[in-house]
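Q: My questions will all concern the structure given below.
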There are 2 protein chains.
Amino acid sequence: MNIGEAASASGVSAKMIRYYESTGLIPAAVRTGSGYRVYTDTEVRMLRFIRRARDLGFPVEKIVTLLALWRDRSRHSSDVKRLAQEQIGGLERRIAEMQAMVDTLQHLADACGGDHRPDCPILTDLGKGAVGAADPRPLPHAPPNPSPA
Amino acid sequence: MNIGEAASASGVSAKMIRYYESTGLIPAAVRTGSGYRVYTDTEVRMLRFIRRARDLGFPVEKIVTLLALWRDRSRHSSDVKRLAQEQIGGLERRIAEMQAMVDTLQHLADACGGDHRPDCPILTDLGKGAVGAADPRPLPHAPPNPSPA
DNA sequence: CCTTGACCTTCCCATCATGGGAACCCTTAT
DNA sequence: ATAAGGGTTCCCATGATGGGAAGGTCAAGG
């Protein structure tokens, strides 16, 4: 199977298959004499596994561990369960953060007339604050685990 | 005020202040004879505005619009409210996606013994699926609007 | 046999917001 | 005068993904 077929069979783009190979997430594929990558059903199943785990928001780094457990027939299900629960915890923390943003915005929007007049508590709130020192919270902008699928 | 002072007064790092200037989000700062950027309270307030908007999850692109409205004294509050509501909608969509991930994971984890045995519905589910064509959903991985604050 | 088109290869670039660091210049206090 | 602690620019890296160019390969059909 060529990379294109493996891509459509697994739902992982050819680009990403090469990327996963380059980062070591999956082993290097066997090549034909002319350099084409060749995939078997086993590898396609691995790619589907990766795809599903990404759909569930697992960061690629965690998928490394999941794949190792997947391959390890003597794994303990408790190890897998723990990973899943950590993932749930991380997602729930991010959900709570976003919910807090929603709540704040909703509060501000509720207090905003939404008419032709310029007065708007949203802008007032965003612009408020004395010019003294601000707490330099690090604005942890890059979520460790973005993937909404 | 030098950039370092403006950074601690606004909560935006000096690095990011220069970045915002380079992208045109904020106007270029006045310079001293020797090239140091100089900031006034007005600019610090603008930076705090940006910081707060980022904290609420607004992508920088939207902040461009918010800033324009902030500066425009003849703005209509309805324009601001609409932006806030769009932001709320986007956040809620992402929350729903993540909640769906949590639900799926919780379902799988509940069915997993979590003991020393290898059997685990989590891995079974991730690995399942025939090797036929998979729907090539684009895995919209990059959230348009990540910032959890 | 040769062409054509679809596929493959590698390599580079871009995203987005952010940090790290190097190399070098400026200011201020001792 | 010198050292410390700013500032400046420029380059690089992140993580997962797509886009695209330049060039090699394969299969089908004339």
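Chain labels run A, B, ... following the order of the structure tokens; each chain numbers its residues from 1, and ligands are numbered from 1 in the order shown.
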Could you name the residues that touch C:DC8 at 9 Å or less, counting only C-alpha atoms (C1' of nucleotides), but leaving out those on the same chain fewer than 5 positions away, as a PyMOL selection string?

A: (chain A and resi 2-4+35-37) or (chain D and resi 24-25)

Q: Please identify all polymer residues within 8 Å of B:Gln85, counting only C-alpha atoms (C1' of nucleotides), omitting same-chain residues fewer than 3 positions from it, and present them as a PyMOL selection string.

A: (chain A and resi 105-106+109) or (chain B and resi 81-82+88-89)

Q: Quick one: pick out all alpha helix (DSSP H) residues within stretch 4-118 of chain A from a backbone DSSP run and write them as a VMD selection string.

A: chain A and resid 4 to 10 14 to 23 41 to 55 60 to 71 77 to 110

Q: Could you list, as a ChimeraX atom specification, every residue within 12 Å of C:DC12, counting only C-alpha atoms (C1' of nucleotides) and ignoring same-chain residues fewer than 3 positions away?

A: /D:19-22

Q: Could you give me the residues within stretch 9-115 of chain B that DSSP places in strand (DSSP E or B), as a PyMOL selection string?

A: chain B and resi 30-31+37-38

Q: Near B:Ile63, within 7 Å and counting only C-alpha atoms (C1' of nucleotides), which residues show up once chain neighbours fewer than 5 positions away are dropped, as a PyMOL selection string?

A: chain B and resi 50+53+58

Q: Counting only C-alpha atoms (C1' of nucleotides), what is within 9 Å of B:Ala28, bar same-chain residues fewer than 6 positions away, as an MDAnalysis selection string?

A: chainID B and resid 18 21:22 37

Q: Please produce a file of the residues just selected, as a PDB file, in the first residue's frame, where the atoms kept are N, CA and C atoms.

A:
ATOM      1  N   ARG B  18       7.120  44.351  21.588  1.00  0.00           N
ATOM      2  CA  ARG B  18       7.820  44.546  20.316  1.00  0.00           C
ATOM      3  C   ARG B  18       7.112  43.783  19.193  1.00  0.00           C
ATOM      4  N   GLU B  21       4.067  45.548  18.123  1.00  0.00           N
ATOM      5  CA  GLU B  21       4.436  46.696  17.305  1.00  0.00           C
ATOM      6  C   GLU B  21       4.793  46.237  15.892  1.00  0.00           C
ATOM      7  N   SER B  22       5.533  45.142  15.821  1.00  0.00           N
ATOM      8  CA  SER B  22       5.982  44.672  14.498  1.00  0.00           C
ATOM      9  C   SER B  22       4.811  44.228  13.624  1.00  0.00           C
ATOM     10  N   ARG B  37      12.679  52.591  23.026  1.00  0.00           N
ATOM     11  CA  ARG B  37      11.250  52.885  22.896  1.00  0.00           C
ATOM     12  C   ARG B  37      10.771  53.593  24.158  1.00  0.00           C
TER      13      ARG B  37
END

Q: Return as JSON, numbers by chain the residues belonging to chain C that are within 12 Å of chain B, counting only C-alpha atoms (C1' of nucleotides).

A: {"C": [15, 16, 17, 18, 19, 20, 25, 26, 27]}

Q: Might you pull out every residue within 12 Å of A:Ala111, with only C-alpha atoms (C1' of nucleotides) counted and same-chain residues fewer than 6 positions away left off, and present them as JSON, numbers by chain?

A: {"A": [104, 105, 119, 120, 121, 122, 123, 124, 125], "B": [77, 78, 80, 81, 84]}

Q: Output the selection as a PDB file, in the first residue's frame - C-alpha atoms for each residue.

A:
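Output below, filename result-v4.pdb:
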ATOM      1  CA  THR A 104     -17.114  37.118  32.127  1.00  0.00           C
ATOM      2  CA  LEU A 105     -17.991  37.987  28.564  1.00  0.00           C
ATOM      3  CA  ASP A 119     -21.299  53.477  26.048  1.00  0.00           C
ATOM      4  CA  CYS A 120     -20.303  49.875  26.486  1.00  0.00           C
ATOM      5  CA  PRO A 121     -19.235  48.133  29.681  1.00  0.00           C
ATOM      6  CA  ILE A 122     -17.253  45.665  27.625  1.00  0.00           C
ATOM      7  CA  LEU A 123     -14.792  48.253  26.441  1.00  0.00           C
ATOM      8  CA  THR A 124     -14.903  50.042  29.756  1.00  0.00           C
ATOM      9  CA  ASP A 125     -13.874  46.880  31.524  1.00  0.00           C
TER      10      ASP A 125
ATOM     11  CA  SER B  77     -22.128  49.551  21.520  1.00  0.00           C
ATOM     12  CA  SER B  78     -23.942  47.042  19.353  1.00  0.00           C
ATOM     13  CA  VAL B  80     -18.834  45.685  20.522  1.00  0.00           C
ATOM     14  CA  LYS B  81     -21.585  43.473  21.842  1.00  0.00           C
ATOM     15  CA  ALA B  84     -18.322  39.685  22.386  1.00  0.00           C
TER      16      ALA B  84
END

Q: Determine, for each residue of chain D having at least one atom at most 8 Å from an atom of chain B, the closest pair of atoms and their separation in Å to one decimal, counting only C-alpha atoms (C1' of nucleotides); order by chain and ascending number, as JSON lines.

A:
{"residue": "D:DG7", "atom": "C1'", "partner": "B:Tyr36", "partner_atom": "CA", "distance": 6.2}
{"residue": "D:DT8", "atom": "C1'", "partner": "B:Gly35", "partner_atom": "CA", "distance": 7.3}
{"residue": "D:DA16", "atom": "C1'", "partner": "B:His141", "partner_atom": "CA", "distance": 7.2}
{"residue": "D:DT17", "atom": "C1'", "partner": "B:His141", "partner_atom": "CA", "distance": 7.7}

Q: Could you please determine the separation between atom CA of A:Val64 and atom CA of A:Thr42 in Å, to one decimal place?

A: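 Spanning atom CA of A:Val64 to atom CA of A:Thr42 is a straight-line distance of 16.7 Å.
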
Q: In Å to one decimal, how far is atom CA of B:Glu43 from atom CA of B:Ile26?

A: 8.6 Å

Q: Using only C-alpha atoms, can you tell me which of B:Leu66, B:Glu5, B:Gln99, B:Gly11 comes closest to chain A?

A: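 Ranked by minimum distance to chain A, first place goes to B:Gly11.
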
Q: Mind giving me the straight-line distance from atom C1' of C:DA6 to atom C1' of D:DG29 in Å, one decimal?

A: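 These two atoms are separated by 14.1 Å.
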
Q: In terms of the shortest atom-to-atom distance over only C-alpha atoms, which of B:Gly90, B:Pro27, B:Gly33, B:Pro118 is closest to chain A?

A: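 Using only C-alpha atoms, the shortest distance to chain A belongs to B:Pro118.
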
Q: Using only C-alpha atoms, which of B:Ala7, B:Ala29, B:Cys112, B:Leu126 sits nearest A:Trp70?

A: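 Selected residue with least distance to A:Trp70: B:Leu126.
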